[in-house]
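Source file: my_file-v7.cif; contents: mmCIF, C-alpha atoms and all ligand atoms.
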data_entry
loop_
_atom_site.label_atom_id
_atom_site.label_comp_id
_atom_site.auth_asym_id
_atom_site.auth_seq_id
_atom_site.Cartn_x
_atom_site.Cartn_y
_atom_site.Cartn_z
CA MET A 1 -3.28 -21.48 -23.74
CA ASP A 2 -3.84 -20.48 -20.11
CA ASN A 3 -1.42 -22.50 -17.93
CA ASN A 4 -4.04 -23.35 -15.33
CA TYR A 5 -6.24 -25.17 -17.78
CA ALA A 6 -5.85 -28.68 -19.15
CA ILE A 7 -8.80 -28.31 -21.56
CA GLN A 8 -10.18 -25.14 -23.12
CA VAL A 9 -13.28 -25.42 -25.29
CA LYS A 10 -14.48 -22.28 -27.05
CA ASP A 11 -17.63 -21.77 -29.14
CA LEU A 12 -17.68 -25.43 -30.14
CA CYS A 13 -20.21 -26.43 -32.80
CA ILE A 14 -20.50 -29.98 -34.17
CA SER A 15 -23.12 -31.25 -36.57
CA TYR A 16 -23.88 -34.57 -38.22
CA LYS A 17 -24.72 -34.66 -41.88
CA CYS A 18 -27.05 -37.50 -42.79
CA ILE A 19 -27.92 -38.31 -46.37
CA GLN A 20 -31.61 -39.07 -46.79
CA SER A 21 -31.83 -41.16 -49.95
CA PHE A 22 -34.88 -42.06 -51.99
CA SER A 23 -35.50 -45.21 -54.04
CA ILE A 24 -34.45 -45.05 -57.72
CA LYS A 25 -38.11 -45.29 -58.75
CA LYS A 26 -39.15 -42.45 -56.48
CA SER A 27 -36.15 -40.38 -57.55
CA LEU A 28 -37.00 -40.86 -61.24
CA LEU A 29 -40.72 -40.27 -60.82
CA GLN A 30 -40.46 -37.24 -58.60
CA LEU A 31 -37.04 -36.07 -59.81
CA LYS A 32 -35.88 -36.20 -56.22
CA LYS A 33 -32.21 -36.16 -55.38
CA SER A 34 -30.81 -37.39 -52.11
CA LYS A 35 -31.14 -34.74 -49.46
CA VAL A 36 -28.55 -33.87 -46.81
CA GLU A 37 -30.03 -33.42 -43.36
CA VAL A 38 -27.89 -31.49 -40.91
CA HIS A 39 -28.29 -32.17 -37.22
CA GLU A 40 -26.56 -29.81 -34.79
CA ALA A 41 -25.41 -32.00 -31.90
CA VAL A 42 -23.24 -29.44 -30.06
CA LYS A 43 -24.16 -25.77 -30.23
CA ASN A 44 -21.73 -23.04 -29.33
CA VAL A 45 -20.39 -24.66 -26.16
CA SER A 46 -17.56 -23.01 -24.19
CA PHE A 47 -15.96 -24.17 -20.94
CA ASN A 48 -12.56 -24.70 -19.31
CA VAL A 49 -11.27 -27.58 -17.22
CA LYS A 50 -8.46 -26.97 -14.74
CA ARG A 51 -5.56 -29.37 -14.50
CA GLY A 52 -6.47 -32.03 -11.91
CA GLU A 53 -10.18 -31.32 -12.15
CA ILE A 54 -12.65 -34.23 -12.35
CA MET A 55 -15.56 -32.89 -14.33
CA GLY A 56 -18.75 -34.84 -14.80
CA ILE A 57 -21.03 -34.29 -17.79
CA ILE A 58 -24.77 -34.87 -17.48
CA GLY A 59 -27.69 -34.43 -19.82
CA LYS A 60 -30.62 -36.42 -21.13
CA ASN A 61 -30.16 -38.92 -24.00
CA GLY A 62 -29.04 -37.27 -27.21
CA SER A 63 -27.87 -34.03 -25.59
CA GLY A 64 -24.43 -34.19 -27.24
CA LYS A 65 -22.26 -35.58 -24.42
CA SER A 66 -20.57 -38.37 -26.39
CA THR A 67 -20.16 -36.18 -29.46
CA MET A 68 -18.34 -33.57 -27.43
CA LEU A 69 -16.10 -36.11 -25.73
CA ARG A 70 -15.17 -37.62 -29.09
CA ALA A 71 -14.31 -34.18 -30.43
CA ILE A 72 -12.03 -33.55 -27.43
CA ALA A 73 -10.40 -36.93 -28.08
CA GLY A 74 -9.74 -35.85 -31.67
CA ILE A 75 -12.03 -38.45 -33.28
CA PHE A 76 -14.52 -35.85 -34.60
CA SER A 77 -13.60 -32.51 -35.98
CA ALA A 78 -15.59 -29.44 -35.06
CA ASP A 79 -17.56 -27.37 -37.58
CA SER A 80 -16.38 -24.28 -35.77
CA GLY A 81 -14.86 -23.30 -32.46
CA THR A 82 -11.66 -24.51 -30.82
CA ILE A 83 -10.48 -27.20 -28.43
CA GLU A 84 -7.11 -26.65 -26.79
CA LEU A 85 -5.46 -29.38 -24.75
CA GLU A 86 -2.50 -28.92 -22.45
CA SER A 87 -1.20 -32.43 -23.12
CA GLU A 88 -1.09 -34.75 -26.10
CA SER A 89 -1.59 -37.70 -23.81
CA VAL A 90 -5.37 -38.12 -24.05
CA SER A 91 -7.37 -41.32 -23.84
CA LEU A 92 -11.03 -41.91 -24.52
CA LEU A 93 -12.75 -44.80 -22.83
CA SER A 94 -15.96 -45.48 -24.65
CA ILE A 95 -17.80 -48.61 -25.69
CA GLY A 96 -17.73 -49.12 -29.42
CA VAL A 97 -14.77 -46.86 -30.07
CA GLY A 98 -11.25 -47.87 -30.74
CA PHE A 99 -11.08 -51.62 -31.35
CA GLN A 100 -10.44 -53.36 -34.63
CA LYS A 101 -13.01 -56.15 -34.53
CA LYS A 102 -10.99 -58.63 -36.61
CA LEU A 103 -7.88 -58.34 -34.45
CA THR A 104 -7.40 -60.23 -31.19
CA GLY A 105 -7.55 -58.59 -27.79
CA ARG A 106 -3.77 -58.77 -27.52
CA GLU A 107 -3.31 -57.13 -30.93
CA ASN A 108 -5.81 -54.44 -29.99
CA ILE A 109 -3.88 -53.67 -26.82
CA MET A 110 -0.81 -53.00 -28.93
CA LEU A 111 -2.74 -50.93 -31.44
CA SER A 112 -4.59 -48.86 -28.83
CA GLY A 113 -1.38 -48.30 -26.88
CA MET A 114 0.45 -47.04 -29.93
CA LEU A 115 -2.51 -44.80 -30.86
CA LEU A 116 -2.28 -43.36 -27.35
CA GLY A 117 1.32 -42.43 -28.12
CA PHE A 118 3.17 -45.22 -26.30
CA SER A 119 6.08 -47.02 -27.93
CA GLU A 120 5.88 -50.72 -28.84
CA GLN A 121 8.32 -51.48 -26.02
CA GLN A 122 6.28 -49.52 -23.46
CA VAL A 123 3.09 -51.38 -24.43
CA LYS A 124 4.91 -54.73 -24.31
CA GLU A 125 6.09 -53.95 -20.78
CA LYS A 126 2.50 -53.28 -19.67
CA MET A 127 0.89 -56.10 -21.72
CA GLN A 128 0.70 -58.70 -18.90
CA GLU A 129 -0.65 -56.17 -16.42
CA ILE A 130 -3.40 -55.16 -18.86
CA ILE A 131 -4.31 -58.78 -19.61
CA ALA A 132 -4.42 -59.62 -15.89
CA PHE A 133 -6.63 -56.60 -15.14
CA ALA A 134 -9.03 -57.38 -18.01
CA GLU A 135 -9.75 -60.93 -16.74
CA ILE A 136 -11.05 -62.27 -20.03
CA GLY A 137 -9.03 -65.50 -20.04
CA LYS A 138 -8.36 -67.24 -23.33
CA PHE A 139 -10.42 -64.66 -25.22
CA ILE A 140 -7.41 -62.36 -25.19
CA ASP A 141 -6.09 -64.32 -28.21
CA LEU A 142 -9.42 -64.40 -30.06
CA PRO A 143 -10.80 -61.68 -32.37
CA VAL A 144 -12.61 -58.93 -30.51
CA LYS A 145 -15.73 -59.57 -32.61
CA THR A 146 -16.27 -62.74 -30.53
CA TYR A 147 -16.46 -60.75 -27.25
CA SER A 148 -19.55 -60.07 -25.19
CA SER A 149 -20.15 -56.39 -24.47
CA GLY A 150 -18.93 -56.90 -20.89
CA MET A 151 -15.67 -58.47 -22.08
CA TYR A 152 -15.21 -55.69 -24.61
CA SER A 153 -15.52 -53.01 -21.96
CA LYS A 154 -13.34 -54.87 -19.48
CA LEU A 155 -10.52 -54.88 -22.04
CA ALA A 156 -11.10 -51.22 -22.95
CA PHE A 157 -11.08 -50.25 -19.30
CA ALA A 158 -7.91 -52.24 -18.58
CA ILE A 159 -6.03 -50.54 -21.44
CA THR A 160 -7.03 -47.04 -20.35
CA ALA A 161 -6.43 -47.73 -16.68
CA ILE A 162 -3.00 -49.32 -17.02
CA LEU A 163 -1.63 -47.13 -19.84
CA GLU A 164 -2.25 -43.95 -17.88
CA SER A 165 -2.68 -40.68 -19.75
CA ASP A 166 -2.74 -37.05 -18.54
CA ILE A 167 -6.28 -36.42 -19.78
CA MET A 168 -8.83 -39.21 -19.45
CA LEU A 169 -12.23 -39.05 -21.10
CA ILE A 170 -14.64 -41.63 -19.72
CA ASP A 171 -17.92 -42.17 -21.54
CA GLU A 172 -20.49 -44.07 -19.49
CA VAL A 173 -18.39 -47.15 -18.85
CA LEU A 174 -18.18 -47.28 -15.08
CA SER A 175 -21.36 -49.28 -14.84
CA VAL A 176 -20.39 -52.14 -17.16
CA GLY A 177 -18.99 -55.57 -16.46
CA ASP A 178 -20.11 -57.90 -13.71
CA ALA A 179 -20.40 -56.81 -10.07
CA LYS A 180 -16.84 -57.87 -9.20
CA PHE A 181 -15.29 -56.05 -12.15
CA LYS A 182 -17.44 -52.98 -11.52
CA LYS A 183 -16.07 -52.76 -7.99
CA LYS A 184 -12.50 -53.25 -9.19
CA SER A 185 -12.78 -50.66 -11.99
CA TYR A 186 -14.40 -48.14 -9.69
CA LYS A 187 -11.53 -48.58 -7.20
CA LYS A 188 -8.96 -48.22 -9.99
CA MET A 189 -10.73 -45.12 -11.29
CA LYS A 190 -10.62 -43.51 -7.86
CA GLU A 191 -6.90 -44.28 -7.67
CA LEU A 192 -6.27 -42.70 -11.09
CA ILE A 193 -8.36 -39.67 -10.21
CA SER A 194 -6.44 -39.10 -6.98
CA ASP A 195 -3.39 -38.02 -9.03
CA SER A 196 -3.69 -34.24 -8.93
CA ASN A 197 -1.98 -33.89 -12.32
CA ARG A 198 -4.59 -35.99 -14.10
CA THR A 199 -7.63 -34.30 -15.62
CA VAL A 200 -10.76 -36.38 -16.11
CA LEU A 201 -14.07 -35.86 -17.88
CA ILE A 202 -16.75 -38.40 -16.98
CA VAL A 203 -20.05 -38.79 -18.82
CA SER A 204 -22.51 -40.64 -16.64
CA HIS A 205 -26.23 -40.93 -15.95
CA SER A 206 -25.52 -42.04 -12.38
CA ALA A 207 -25.98 -39.20 -9.89
CA ASP A 208 -24.23 -41.27 -7.19
CA THR A 209 -21.13 -41.82 -9.34
CA LEU A 210 -20.94 -38.15 -10.29
CA LYS A 211 -21.46 -36.99 -6.70
CA GLU A 212 -18.75 -39.27 -5.41
CA LEU A 213 -16.10 -38.77 -8.09
CA CYS A 214 -16.46 -35.28 -9.52
CA THR A 215 -15.23 -31.90 -8.41
CA SER A 216 -17.51 -30.06 -10.86
CA LEU A 217 -20.37 -30.78 -13.25
CA LEU A 218 -21.40 -29.59 -16.64
CA TRP A 219 -24.96 -30.00 -17.88
CA LEU A 220 -25.63 -30.22 -21.60
CA HIS A 221 -29.17 -29.82 -22.87
CA GLU A 222 -30.03 -30.37 -26.55
CA GLY A 223 -26.47 -29.53 -27.50
CA GLU A 224 -26.24 -26.38 -25.41
CA LEU A 225 -24.44 -25.72 -22.15
CA LYS A 226 -27.23 -25.32 -19.60
CA MET A 227 -25.24 -25.08 -16.36
CA GLN A 228 -21.77 -25.57 -14.92
CA GLY A 229 -20.75 -25.64 -11.24
CA GLU A 230 -20.68 -27.57 -7.98
CA PRO A 231 -21.90 -31.19 -8.40
CA ALA A 232 -24.65 -30.95 -5.76
CA GLU A 233 -25.98 -27.68 -7.15
CA VAL A 234 -26.01 -28.79 -10.81
CA LEU A 235 -27.51 -32.20 -9.96
CA ALA A 236 -30.31 -30.61 -7.95
CA ALA A 237 -31.20 -28.29 -10.84
CA TYR A 238 -30.96 -31.14 -13.36
CA GLU A 239 -33.09 -33.52 -11.30
CA GLU A 240 -35.74 -30.85 -10.83
CA PHE A 241 -35.74 -30.08 -14.56
CA MET A 242 -36.06 -33.77 -15.47
CA SER A 243 -38.86 -34.54 -13.00
N1 LIG A 301 -23.48 -40.91 -36.19
C1 LIG A 301 -24.49 -40.06 -36.04
N2 LIG A 301 -25.17 -39.60 -37.15
C2 LIG A 301 -26.18 -38.73 -37.00
N3 LIG A 301 -26.60 -38.24 -35.83
C3 LIG A 301 -25.96 -38.64 -34.71
C4 LIG A 301 -24.88 -39.58 -34.76
N4 LIG A 301 -24.44 -39.79 -33.50
C5 LIG A 301 -25.22 -39.03 -32.70
N5 LIG A 301 -26.12 -38.35 -33.42
C6 LIG A 301 -27.14 -37.41 -32.90
O1 LIG A 301 -26.47 -36.35 -32.23
C7 LIG A 301 -27.14 -36.02 -31.02
C8 LIG A 301 -26.16 -36.15 -29.85
O2 LIG A 301 -25.83 -37.51 -29.69
P1 LIG A 301 -24.81 -37.99 -28.55
O3 LIG A 301 -24.58 -39.45 -28.73
O4 LIG A 301 -23.65 -37.09 -28.52
O5 LIG A 301 -25.70 -37.73 -27.24
P2 LIG A 301 -25.46 -38.21 -25.73
O6 LIG A 301 -25.79 -37.03 -24.88
O7 LIG A 301 -24.14 -38.82 -25.56
O8 LIG A 301 -26.62 -39.29 -25.57
P3 LIG A 301 -26.75 -40.60 -24.63
O9 LIG A 301 -26.95 -40.12 -23.20
O10 LIG A 301 -27.99 -41.26 -25.15
O11 LIG A 301 -25.53 -41.45 -24.80
C9 LIG A 301 -28.36 -36.94 -30.93
O12 LIG A 301 -29.49 -36.23 -31.38
C10 LIG A 301 -28.03 -38.08 -31.87
O13 LIG A 301 -29.20 -38.57 -32.47
#
Please rewrite the model in this file as structure tokens.
Ligand SMILES: Nc1ncnc2c1ncn2[C@@H]1O[C@H](COP(=O)(O)OP(=O)(O)OP(=O)(O)O)[C@@H](O)[C@H]1O
Amino acid sequence: MDNNYAIQVKDLCISYKCIQSFSIKKSLLQLKKSKVEVHEAVKNVSFNVKRGEIMGIIGKNGSGKSTMLRAIAGIFSADSGTIELESESVSLLSIGVGFQKKLTGRENIMLSGMLLGFSEQQVKEKMQEIIAFAEIGKFIDLPVKTYSSGMYSKLAFAITAILESDIMLIDEVLSVGDAKFKKKSYKKMKELISDSNRTVLIVSHSADTLKELCTSLLWLHEGELKMQGEPAEVLAAYEEFMS
């Protein structure tokens, strides 16, 4: 691993295998078996991220951004290629990932914290700060399945923001929550980003967010790396392509 880099991705390929099943009647009549459809979501992508870099990832819907972030977080495994991380302290902030729906918010804080590699004691010490940041009131002691999507993301953001990790992967969550929370989370994100030892990948469809926060941009198109470089340059090429 090159010392300058926090993340090194080489020839990464990830595909989804979907089973297309037929009704029993159709299967018997036409002797059809279920068929496996393979969809290549990330195709041979290579890039490096320097320590302290804030890299934005853009691309139209379905271009493989979330899939790649989840692979870097260790949730998905690659079909081929490698992902090398400088630190084991990695957190993924993404709606719909990470919470156990039957557990309460408080229990999920403990679980998420421990999955991020913190000890029970360390999470306990930060518990009140996380709850205060999340601002979801009495819902903190109710199962997460009762949460609105805004409450869900507020809690997810609070956990990631307060239990700081060396590598943060942010998947399209800076625009959630109500106006007040959005402002607060944006401010907190800028504070976290200002630490030159922290490396951040941000997936967003907001050109303004990417322009303001990122030091570089990566453009994925239909699973392939289309362009990587200065935010203004990549955004201009992307916007022209999409128009
Ligand atoms: N669980 C899944 N099973 C099968 N295919 C999937 C699954 N999740 C994603 N895909 C497919 O993989 C491709 C990449 O999806 P992904 O969610 O990574 O894209 P994205 O760039 O993050 O999109 P968006 O901007 O809409 O969030 C898409 O074609 C999508 O349909």
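The smallest atom-to-atom distance between ligand LIG 301 (chain A) and any of A:Ile109, A:Ile140, A:Val9, A:Leu69, using only C-alpha atoms and all ligand atoms, is found for A:Leu69.
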Point to revise | Contacts to ligand LIG 301 (chain A) at 7 Å cut-off (only C-alpha atoms and all ligand atoms) as a count of residues only | key: 15
Practice item. Quick one: everything within 7 Å of Ser87 (chain A), counting only C-alpha atoms, minus sequence neighbours fewer than 2 positions away in the same chain. Send it as JSON, numbers by chain. Key: {"A": [85, 89, 166]}
Exercise for review: Considering all atoms listed in the file, state which residue in the set A:Asn108, A:Thr215, A:Thr160, A:Ser206 is at the smallest distance from Pro143 (chain A).
Suggested key: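 When distances to Pro143 (chain A) are compared using all atoms listed in the file, the smallest one comes from A:Asn108.
Pairwise distance (CA of Phe118 (chain A), CA of Asp195 (chain A)) equals 19.8 Å.
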Point to revise | Point-to-point distance from CA of Ala237 (chain A) to CA of Ala73 (chain A), Å rounded to tenths | key: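 Taking CA of Ala237 (chain A) and CA of Ala73 (chain A), their separation equals 28.4 Å.
Nearest residue to Leu217 (chain A) among A:Ala71, A:Ile83, A:Ile57, A:Val45 is A:Ile57, counting all atoms listed in the file.
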